[in-house]
>>> print(open('coords.cif').read())   # mmCIF, C-alpha atoms
data_start
#
loop_
_atom_site.label_atom_id
_atom_site.label_comp_id
_atom_site.auth_asym_id
_atom_site.auth_seq_id
_atom_site.Cartn_x
_atom_site.Cartn_y
_atom_site.Cartn_z
CA MET A 1 -42.09 5.81 -46.35
CA LYS A 2 -38.80 3.93 -45.91
CA ILE A 3 -35.65 6.04 -45.97
CA ILE A 4 -32.68 4.74 -47.98
CA ALA A 5 -29.62 6.73 -46.97
CA PHE A 6 -26.26 7.26 -48.63
CA PRO A 7 -23.44 8.61 -46.42
CA LYS A 8 -20.32 10.11 -47.99
CA GLU A 9 -17.39 7.69 -48.05
CA GLN A 10 -14.90 8.29 -45.23
CA HIS A 11 -12.14 6.00 -46.56
CA VAL A 12 -9.00 8.04 -47.32
CA GLY A 13 -8.59 8.63 -51.06
CA GLU A 14 -11.94 7.08 -51.99
CA ASN A 15 -13.53 8.82 -54.97
CA ARG A 16 -16.38 6.41 -55.68
CA THR A 17 -19.94 6.79 -54.47
CA ALA A 18 -22.77 4.31 -53.99
CA LEU A 19 -25.39 6.44 -55.74
CA LEU A 20 -25.84 8.27 -59.04
CA PRO A 21 -28.80 10.55 -59.86
CA ALA A 22 -30.22 7.88 -62.17
CA ASN A 23 -30.39 5.50 -59.19
CA VAL A 24 -32.31 8.10 -57.16
CA LYS A 25 -35.15 8.05 -59.67
CA ALA A 26 -35.26 4.26 -59.59
CA TYR A 27 -35.43 4.13 -55.78
CA THR A 28 -38.17 6.76 -55.61
CA LEU A 29 -40.23 4.86 -58.17
CA MET A 30 -40.19 1.92 -55.72
CA GLY A 31 -41.76 4.17 -53.09
CA ALA A 32 -38.65 4.92 -51.04
CA GLN A 33 -37.27 8.27 -49.92
CA VAL A 34 -33.61 8.83 -50.78
CA LEU A 35 -31.53 10.77 -48.25
CA ILE A 36 -27.93 11.77 -49.00
CA GLU A 37 -25.07 13.35 -47.10
CA SER A 38 -23.93 16.65 -48.58
CA GLY A 39 -20.94 16.20 -50.88
CA LEU A 40 -21.78 12.58 -51.70
CA GLY A 41 -20.77 12.88 -55.35
CA ASP A 42 -18.23 15.69 -55.19
CA ASN A 43 -15.30 13.51 -56.23
CA ILE A 44 -16.95 12.55 -59.52
CA PHE A 45 -18.38 16.04 -60.14
CA ILE A 46 -21.97 15.30 -59.15
CA THR A 47 -23.44 18.14 -57.09
CA ASP A 48 -26.00 17.95 -54.30
CA GLN A 49 -28.38 19.79 -56.62
CA ASP A 50 -28.04 17.02 -59.22
CA TYR A 51 -29.28 14.55 -56.62
CA VAL A 52 -32.05 16.90 -55.45
CA ASP A 53 -33.22 17.37 -59.05
CA ALA A 54 -33.47 13.60 -59.33
CA GLY A 55 -35.66 13.41 -56.22
CA ALA A 56 -33.29 13.02 -53.26
CA LYS A 57 -33.14 15.04 -50.06
CA VAL A 58 -29.94 16.30 -48.41
CA ALA A 59 -29.60 15.48 -44.70
CA GLU A 60 -28.86 18.26 -42.21
CA SER A 61 -25.83 16.32 -40.99
CA ARG A 62 -24.20 12.92 -41.22
CA GLU A 63 -25.45 12.04 -37.73
CA THR A 64 -29.01 12.96 -38.71
CA LEU A 65 -28.78 10.84 -41.84
CA LEU A 66 -27.67 7.75 -39.90
CA LYS A 67 -30.35 8.21 -37.21
CA GLN A 68 -33.18 8.55 -39.72
CA ALA A 69 -32.15 5.80 -42.13
CA ASP A 70 -33.96 2.48 -42.47
CA ILE A 71 -31.39 1.23 -44.99
CA ILE A 72 -27.83 2.58 -45.28
CA LEU A 73 -25.98 1.87 -48.51
CA SER A 74 -22.26 2.55 -48.97
CA ILE A 75 -19.09 1.17 -50.51
CA HIS A 76 -16.97 0.82 -47.37
CA LYS A 77 -18.47 -0.17 -44.02
CA LEU A 78 -19.38 2.65 -41.67
CA PRO A 79 -16.69 3.59 -39.14
CA GLN A 80 -17.21 1.45 -36.05
CA GLN A 81 -17.76 4.47 -33.78
CA GLU A 82 -20.71 5.58 -35.93
CA LEU A 83 -22.72 2.38 -35.54
CA SER A 84 -24.28 3.74 -32.33
CA ASN A 85 -25.94 6.46 -34.42
CA CYS A 86 -27.94 3.91 -36.41
CA GLN A 87 -31.40 2.75 -35.38
CA ASN A 88 -31.00 -0.21 -33.05
CA ASN A 89 -32.85 -3.35 -34.09
CA LYS A 90 -34.12 -1.62 -37.22
CA ALA A 91 -31.45 -0.28 -39.57
CA ILE A 92 -30.06 -2.42 -42.39
CA LEU A 93 -26.45 -1.73 -43.43
CA VAL A 94 -25.26 -2.80 -46.88
CA SER A 95 -21.64 -2.45 -48.02
CA PHE A 96 -18.38 -4.31 -48.51
CA LEU A 97 -17.97 -5.58 -44.94
CA ASP A 98 -14.86 -7.81 -45.12
CA PRO A 99 -16.47 -10.05 -42.46
CA PHE A 100 -13.60 -12.57 -42.36
CA ASN A 101 -11.20 -9.91 -41.10
CA GLY A 102 -13.48 -7.84 -38.90
CA ALA A 103 -14.40 -9.83 -35.79
CA ASP A 104 -14.60 -6.72 -33.58
CA TYR A 105 -16.74 -4.91 -36.13
CA VAL A 106 -19.15 -7.84 -36.42
CA LYS A 107 -19.37 -7.97 -32.61
CA THR A 108 -20.30 -4.26 -32.52
CA LEU A 109 -22.99 -4.81 -35.17
CA CYS A 110 -24.46 -7.49 -32.93
CA GLU A 111 -24.30 -5.27 -29.85
CA HIS A 112 -26.40 -2.63 -31.63
CA LYS A 113 -28.69 -5.29 -33.13
CA LEU A 114 -28.05 -4.01 -36.63
CA THR A 115 -28.78 -6.06 -39.71
CA SER A 116 -25.77 -6.16 -42.03
CA ILE A 117 -25.45 -7.37 -45.60
CA SER A 118 -22.01 -8.02 -47.08
CA MET A 119 -21.66 -7.34 -50.81
CA GLU A 120 -18.71 -9.77 -50.89
CA MET A 121 -21.03 -12.60 -49.85
CA ILE A 122 -23.53 -12.24 -52.69
CA PRO A 123 -23.63 -15.77 -54.16
CA ARG A 124 -22.23 -16.31 -57.63
CA ILE A 125 -25.36 -17.66 -59.29
CA SER A 126 -27.08 -16.51 -62.48
CA ARG A 127 -29.81 -14.74 -60.52
CA CYS A 128 -27.18 -12.57 -58.80
CA GLN A 129 -25.02 -11.51 -61.73
CA LYS A 130 -26.63 -8.05 -61.83
CA MET A 131 -25.78 -7.45 -58.14
CA ASP A 132 -22.30 -9.04 -58.11
CA ALA A 133 -20.23 -6.06 -56.99
CA LEU A 134 -17.03 -8.08 -56.57
CA SER A 135 -17.13 -8.92 -60.27
CA SER A 136 -18.12 -5.44 -61.46
CA GLN A 137 -15.27 -3.80 -59.56
CA ALA A 138 -12.79 -6.58 -60.47
CA SER A 139 -13.53 -6.08 -64.15
CA LEU A 140 -12.56 -2.42 -63.89
CA ALA A 141 -9.52 -3.41 -61.81
CA GLY A 142 -8.29 -5.59 -64.66
CA TYR A 143 -8.41 -2.63 -67.02
CA VAL A 144 -6.72 -0.27 -64.55
CA MET A 145 -3.89 -2.69 -63.76
CA VAL A 146 -2.90 -2.81 -67.42
CA ALA A 147 -2.97 1.00 -67.54
CA LYS A 148 -0.76 1.12 -64.43
CA GLY A 149 1.66 -1.34 -65.98
CA VAL A 150 1.85 0.61 -69.23
CA ASN A 151 2.42 3.86 -67.34
CA ALA A 152 5.35 2.33 -65.43
CA LEU A 153 6.93 0.69 -68.49
CA ALA A 154 9.54 2.62 -70.48
CA SER A 155 8.37 1.21 -73.82
CA VAL A 156 5.20 0.87 -75.90
CA LEU A 157 2.96 -2.19 -76.10
CA PRO A 158 2.15 -2.58 -79.82
CA MET A 159 4.51 -3.54 -82.59
CA MET A 160 5.50 -0.50 -84.63
CA MET A 161 7.13 -0.58 -88.06
CA THR A 162 8.71 2.81 -88.70
CA PRO A 163 11.45 4.26 -90.96
CA ALA A 164 13.58 4.38 -87.82
CA GLY A 165 13.20 0.64 -87.28
CA THR A 166 10.76 -1.96 -86.03
CA ILE A 167 9.65 -2.08 -82.41
CA LYS A 168 8.63 -5.53 -81.23
CA PRO A 169 5.37 -5.88 -79.25
CA ALA A 170 5.72 -5.94 -75.49
CA LYS A 171 5.08 -9.23 -73.72
CA VAL A 172 2.43 -9.30 -71.01
CA PHE A 173 1.90 -12.27 -68.69
CA VAL A 174 -1.34 -12.43 -66.67
CA ILE A 175 -1.51 -14.88 -63.76
CA GLY A 176 -5.12 -15.69 -62.95
CA ALA A 177 -7.94 -15.68 -65.48
CA GLY A 178 -10.88 -14.70 -63.33
CA VAL A 179 -12.94 -11.56 -63.97
CA ALA A 180 -9.99 -9.20 -63.40
CA GLY A 181 -7.53 -11.39 -65.29
CA LEU A 182 -9.73 -11.76 -68.36
CA GLN A 183 -10.29 -8.01 -68.52
CA ALA A 184 -6.53 -7.45 -68.18
CA ILE A 185 -5.90 -9.90 -71.03
CA ALA A 186 -8.49 -8.23 -73.26
CA THR A 187 -7.13 -4.75 -72.51
CA ALA A 188 -3.49 -5.70 -73.12
CA LYS A 189 -4.46 -7.36 -76.41
CA ARG A 190 -6.38 -4.28 -77.54
CA LEU A 191 -3.25 -2.24 -76.88
CA GLY A 192 -1.24 -4.54 -79.12
CA ALA A 193 0.75 -6.63 -76.64
CA ALA A 194 1.65 -10.29 -77.01
CA VAL A 195 -0.27 -11.81 -74.11
CA THR A 196 0.19 -15.08 -72.26
CA ALA A 197 -1.96 -16.15 -69.30
CA PHE A 198 -2.07 -18.90 -66.73
CA ASP A 199 -4.74 -20.16 -64.35
CA THR A 200 -4.88 -23.25 -62.18
CA ARG A 201 -8.36 -23.90 -63.62
CA THR A 202 -7.68 -25.38 -67.04
CA VAL A 203 -11.38 -24.93 -67.87
CA VAL A 204 -10.69 -21.23 -68.49
CA ALA A 205 -8.07 -21.94 -71.18
CA GLU A 206 -10.69 -21.59 -73.91
CA GLN A 207 -11.76 -18.18 -72.58
CA VAL A 208 -8.14 -17.01 -72.56
CA GLN A 209 -7.57 -18.21 -76.12
CA SER A 210 -10.84 -16.63 -77.32
CA LEU A 211 -9.35 -13.25 -76.33
CA GLY A 212 -6.33 -13.90 -78.54
CA ALA A 213 -3.92 -14.79 -75.77
CA LYS A 214 -1.75 -17.88 -75.30
CA PHE A 215 -2.56 -20.16 -72.36
CA LEU A 216 0.50 -21.41 -70.49
CA GLU A 217 0.13 -25.13 -69.83
CA ILE A 218 1.46 -26.29 -66.44
CA ASP A 219 0.67 -29.79 -65.19
CA LEU A 220 -0.31 -29.35 -61.55
CA GLY A 221 -2.22 -32.59 -61.21
CA GLU A 222 -5.68 -32.40 -59.64
CA THR A 223 -6.97 -28.81 -59.45
CA GLY A 224 -10.36 -27.24 -59.94
CA GLN A 225 -12.72 -24.55 -58.75
CA THR A 226 -15.23 -24.03 -55.98
CA GLY A 227 -18.99 -23.93 -56.46
CA GLN A 228 -18.69 -20.13 -56.52
CA GLY A 229 -16.21 -20.32 -59.42
CA TYR A 230 -13.07 -19.50 -57.42
CA ALA A 231 -9.82 -21.43 -57.84
CA GLN A 232 -9.19 -24.20 -55.32
CA VAL A 233 -6.28 -23.72 -52.91
CA LEU A 234 -3.18 -25.48 -54.21
CA THR A 235 -1.01 -27.76 -52.11
CA ALA A 236 2.50 -26.62 -51.19
CA GLU A 237 3.92 -29.02 -53.80
CA GLN A 238 1.61 -27.67 -56.50
CA MET A 239 2.63 -24.10 -55.62
CA GLN A 240 6.29 -25.01 -56.06
CA ILE A 241 5.57 -26.54 -59.46
CA GLN A 242 3.63 -23.44 -60.57
CA GLN A 243 6.35 -21.05 -59.43
CA ARG A 244 9.06 -23.09 -61.13
CA GLU A 245 7.25 -23.57 -64.45
CA GLN A 246 6.04 -19.99 -64.81
CA ALA A 247 9.43 -18.47 -63.95
CA LYS A 248 10.68 -18.65 -67.55
CA CYS A 249 7.58 -16.86 -68.85
CA ILE A 250 7.90 -14.20 -66.13
CA ALA A 251 11.57 -13.63 -66.96
CA ASP A 252 10.66 -13.14 -70.63
CA SER A 253 7.83 -10.68 -69.95
CA ASP A 254 7.80 -6.88 -69.92
CA ILE A 255 4.69 -6.66 -67.73
CA VAL A 256 3.43 -9.31 -65.31
CA ILE A 257 -0.01 -8.93 -63.71
CA THR A 258 -0.99 -11.13 -60.77
CA THR A 259 -4.69 -11.43 -59.87
CA ALA A 260 -4.80 -14.28 -57.33
CA GLN A 261 -7.05 -13.16 -54.49
CA LEU A 262 -8.76 -15.70 -52.25
CA PHE A 263 -11.73 -14.14 -50.47
CA GLY A 264 -11.45 -14.71 -46.74
CA ARG A 265 -7.92 -16.12 -46.99
CA LYS A 266 -4.44 -14.74 -47.41
CA PRO A 267 -3.46 -14.59 -51.11
CA PRO A 268 -0.82 -17.04 -52.35
CA GLN A 269 2.70 -15.84 -53.07
CA LEU A 270 3.19 -16.47 -56.79
CA ILE A 271 6.43 -14.63 -57.48
CA ASN A 272 9.48 -14.56 -55.18
CA LYS A 273 12.47 -12.24 -55.33
CA ASP A 274 14.64 -14.88 -57.00
CA THR A 275 12.21 -14.94 -59.94
CA ILE A 276 12.04 -11.15 -60.03
CA LYS A 277 15.84 -11.13 -60.35
CA LEU A 278 15.49 -13.04 -63.63
CA MET A 279 13.41 -10.26 -65.22
CA LYS A 280 14.83 -7.58 -67.49
CA PRO A 281 15.68 -4.27 -65.78
CA GLY A 282 12.78 -1.85 -66.27
CA SER A 283 10.15 -4.60 -66.35
CA VAL A 284 6.95 -4.15 -64.36
CA ILE A 285 4.88 -6.33 -62.04
CA VAL A 286 1.38 -5.26 -60.98
CA ASP A 287 0.24 -7.06 -57.82
CA MET A 288 -3.54 -6.98 -57.47
CA ALA A 289 -3.39 -8.57 -54.01
CA ALA A 290 -0.80 -6.22 -52.47
CA GLU A 291 -3.30 -4.73 -50.02
CA SER A 292 -4.29 -8.11 -48.58
CA GLY A 293 -0.84 -9.70 -48.30
CA GLY A 294 0.46 -9.80 -51.85
CA ASN A 295 1.10 -12.28 -54.66
CA VAL A 296 4.62 -10.90 -55.01
CA GLU A 297 7.40 -11.09 -52.43
CA GLY A 298 8.37 -7.55 -51.47
CA SER A 299 5.31 -5.75 -52.85
CA VAL A 300 4.07 -2.94 -50.62
CA ALA A 301 0.40 -2.06 -50.21
CA GLY A 302 -0.38 1.36 -51.66
CA GLN A 303 3.06 1.87 -53.18
CA THR A 304 5.24 1.23 -56.21
CA VAL A 305 8.64 -0.16 -55.20
CA SER A 306 11.75 -1.26 -57.10
CA ILE A 307 13.04 -4.80 -56.58
CA HIS A 308 16.13 -5.85 -58.58
CA ASN A 309 15.40 -2.95 -60.98
CA VAL A 310 11.86 -4.19 -61.56
CA LYS A 311 8.96 -1.89 -60.67
CA VAL A 312 6.40 -3.66 -58.46
CA VAL A 313 3.07 -1.79 -58.39
CA GLY A 314 0.83 -2.44 -55.39
CA THR A 315 -1.24 0.73 -55.24
CA GLY A 316 -4.56 -1.11 -54.75
CA ASN A 317 -8.20 0.03 -54.77
CA TRP A 318 -7.90 -0.27 -58.53
CA SER A 319 -11.49 0.52 -59.56
CA ASN A 320 -11.23 3.82 -57.67
CA GLU A 321 -8.93 4.99 -60.48
CA VAL A 322 -11.97 5.03 -62.78
CA ALA A 323 -14.36 6.24 -60.09
CA LYS A 324 -17.15 7.47 -62.36
CA ASP A 325 -17.71 4.14 -64.09
CA ALA A 326 -17.03 2.22 -60.88
CA SER A 327 -19.72 4.26 -59.11
CA GLN A 328 -22.20 3.60 -61.89
CA MET A 329 -21.58 -0.14 -61.75
CA TYR A 330 -21.62 -0.38 -57.96
CA GLY A 331 -24.67 1.86 -57.67
CA ASN A 332 -26.51 -0.43 -60.09
CA ASN A 333 -25.34 -3.51 -58.16
CA LEU A 334 -26.84 -2.07 -54.97
CA PHE A 335 -30.10 -1.06 -56.64
CA ASN A 336 -30.48 -4.52 -58.19
CA LEU A 337 -30.03 -6.11 -54.75
CA ILE A 338 -32.52 -3.81 -53.05
CA SER A 339 -35.11 -4.06 -55.83
CA GLU A 340 -34.80 -7.86 -55.94
CA CYS A 341 -35.83 -8.04 -52.26
CA TRP A 342 -38.29 -5.12 -52.29
CA ASP A 343 -41.94 -5.71 -51.37
CA LYS A 344 -43.75 -3.46 -53.84
CA GLU A 345 -47.10 -3.57 -52.03
CA GLN A 346 -45.65 -2.66 -48.62
CA ALA A 347 -42.92 -0.46 -50.14
CA GLU A 348 -40.23 -1.94 -47.89
CA PHE A 349 -37.25 -4.28 -47.92
CA ASN A 350 -38.35 -7.89 -47.41
CA LEU A 351 -35.69 -9.42 -45.15
CA ASP A 352 -36.46 -13.05 -45.94
CA LEU A 353 -33.57 -15.07 -44.50
CA THR A 354 -34.75 -18.17 -46.35
CA ASP A 355 -34.07 -16.44 -49.67
CA GLU A 356 -30.90 -17.83 -51.27
CA ILE A 357 -29.36 -14.39 -51.70
CA LEU A 358 -29.94 -13.13 -48.17
CA GLN A 359 -29.14 -16.51 -46.68
CA ASN A 360 -25.60 -16.02 -47.98
CA ALA A 361 -25.21 -12.25 -47.75
CA VAL A 362 -26.76 -11.33 -44.38
CA ILE A 363 -24.08 -11.44 -41.68
CA THR A 364 -25.84 -10.13 -38.56
CA TYR A 365 -29.51 -9.96 -37.59
CA GLN A 366 -31.19 -9.03 -34.30
CA GLY A 367 -27.99 -9.28 -32.30
CA ASP A 368 -26.68 -12.55 -33.73
CA VAL A 369 -24.32 -13.70 -36.48
CA VAL A 370 -26.65 -15.61 -38.80
CA ASN A 371 -24.26 -16.43 -41.64
CA ASP A 372 -23.02 -19.99 -41.04
CA VAL A 373 -19.68 -19.51 -42.82
CA ILE A 374 -18.81 -16.38 -40.85
CA LYS A 375 -20.09 -17.91 -37.61
CA GLN A 376 -17.76 -20.91 -38.04
CA HIS A 377 -14.86 -18.63 -38.92
CA LEU A 378 -15.38 -16.45 -35.84
CA ASN A 379 -15.72 -19.49 -33.60
CA LYS A 380 -12.35 -20.79 -34.85
CA GLU A 381 -10.74 -17.40 -34.13
CA THR A 382 -12.01 -17.36 -30.56
CA ALA A 383 -11.34 -21.04 -29.86
#
>>> encode(input="coords.cif", output="structure tokens")
Amino acid sequence: MKIIAFPKEQHVGENRTALLPANVKAYTLMGAQVLIESGLGDNIFITDQDYVDAGAKVAESRETLLKQADIILSIHKLPQQELSNCQNNKAILVSFLDPFNGADYVKTLCEHKLTSISMEMIPRISRCQKMDALSSQASLAGYVMVAKGVNALASVLPMMMTPAGTIKPAKVFVIGAGVAGLQAIATAKRLGAAVTAFDTRTVVAEQVQSLGAKFLEIDLGETGQTGQGYAQVLTAEQMQIQQREQAKCIADSDIVITTAQLFGRKPPQLINKDTIKLMKPGSVIVDMAAESGGNVEGSVAGQTVSIHNVKVVGTGNWSNEVAKDASQMYGNNLFNLISECWDKEQAEFNLDLTDEILQNAVITYQGDVVNDVIKQHLNKETA
């Protein structure tokens, strides 16, 4: 019987988990044994006994768990020093791997001949929607960023007509209308704000307007999106046009939310300090990309700072703020990936590298980097 193991997250401040009791039952029905590290669900009030009641076993220690596991599922990648505890040439590791920024880690995976699957690299095709963890966590991030903005703002979002006077609705400007941006727009509208949004992909204008928001029209010339649905990188001239044309809307807004993250690349700077200076004192900017370089000049990863009397929120790991729902969504994403590639007759994971999903998502296999995109990226770094 194959052992699917779930170690407790070691990342500082991480409250999410990769497994809920409901997932345990689903894995066991496939014919797998579920092994967990003690305390796996403590941060979202799920006890070891809850997992045991669902059919899981608790490992004697973390080291034992890693040594026995055939498949190891987690949110963050295992600490590099723990990879030697995994079964060489046998174990499959599945998590967010950040392979573009982890050359040393990928090298260590190869040294131990471990198979690794990156959840970031799951292709954005209809077949993979149920396992698209980037989108599931980004959707929650969009909600949380609005909540963070509201919490930092010294006024309410909806219009209020009271005997003491009328309060005008707050103005919210969302830059980027991907999964996170659309959720931020929907959340801000539900709270009663007047919402405007911008995206370099004009094809999303209809989606923005369907949520009741105004789409800011900026003529950037030729733009578009990748085959995966991400925005194309703008030229330096196009970036200047965007910054100039959106500055007036930013200055007029109470909350600005930036969601421009480019997987594998540094995020673009969308708002500089000169533009921040135009905003009303007490306004708020929430920078989704602060942890990876920032959309906002002066934003600080993990912190809220004041720039020209404007609060700039860059706390990051947004979905962790709603860890219970984030765990449910991520746990289901993982199960859908494993079950999609599960051989029911043999009761094991079918590592078919010709499959479209694994062809994109598998990074290392039998001591080699097998993902062409990552291989090219690593070759450029070492050239």
>>> closest_residue(input="coords.cif", among="A:Leu234, A:Ala133, A:Val172, A:Met239", to="Ala213 (chain A)", atoms="only C-alpha atoms")
A:Val172
>>> residues_near_point(input="coords.cif", point="(0.1, -5.2, -50.2)", cutoff="7 Å", atoms="only C-alpha atoms", output="list in words")
Ala289, Ala290, Glu291, Ser292, Gly293, Gly294, Ser299, Val300, Ala301, Gly302 and Gly314 of chain A
>>> closest_atom_pairs(input="coords.cif", of="region 257-278 of chain A", to="region 140-152 of chain A", cutoff="10 Å", atoms="only C-alpha atoms", output="Markdown table")
| residue | atom | partner | partner_atom | distance |
| --- | --- | --- | --- | --- |
| A:Ile257 | CA | A:Met145 | CA | 7.3 |
| A:Thr258 | CA | A:Met145 | CA | 9.4 |
| A:Thr259 | CA | A:Gly142 | CA | 8.4 |
>>> atom_distance(input="coords.cif", atom1="CA of Val369 (chain A)", atom2="CA of Leu35 (chain A)")
28.1 Å
>>> residues_around(input="coords.cif", residues="region 321-337 of chain A", least_positions_apart="3", cutoff="10 Å", atoms="only C-alpha atoms", output="PyMOL selection string")
chain A and resi 14-24+26-27+41+43-46+73-75+94-95+119+122+128-141+143-145+148+316-318+340-342+357-358
>>> atom_distance(input="coords.cif", atom1="CA of Glu120 (chain A)", atom2="CA of Asp98 (chain A)")
7.2 Å
>>> resolve_selection(input="coords.cif", expression="the PyMOL selection byres ((chain A and resi 272) around 10)", output="list in words")
Gln243, Ala247, Gln269, Leu270, Ile271, Lys273, Asp274, Thr275, Ile276, Lys277, Asn295, Val296, Glu297 and Gly298 of chain A
>>> atom_distance(input="coords.cif", atom1="CA of Ile117 (chain A)", atom2="CA of Arg265 (chain A)")
19.6 Å
>>> closest_residue(input="coords.cif", among="A:Ala193, A:Ala5, A:Ile175, A:Leu29", to="Ser339 (chain A)", atoms="all atoms listed in the file")
A:Leu29
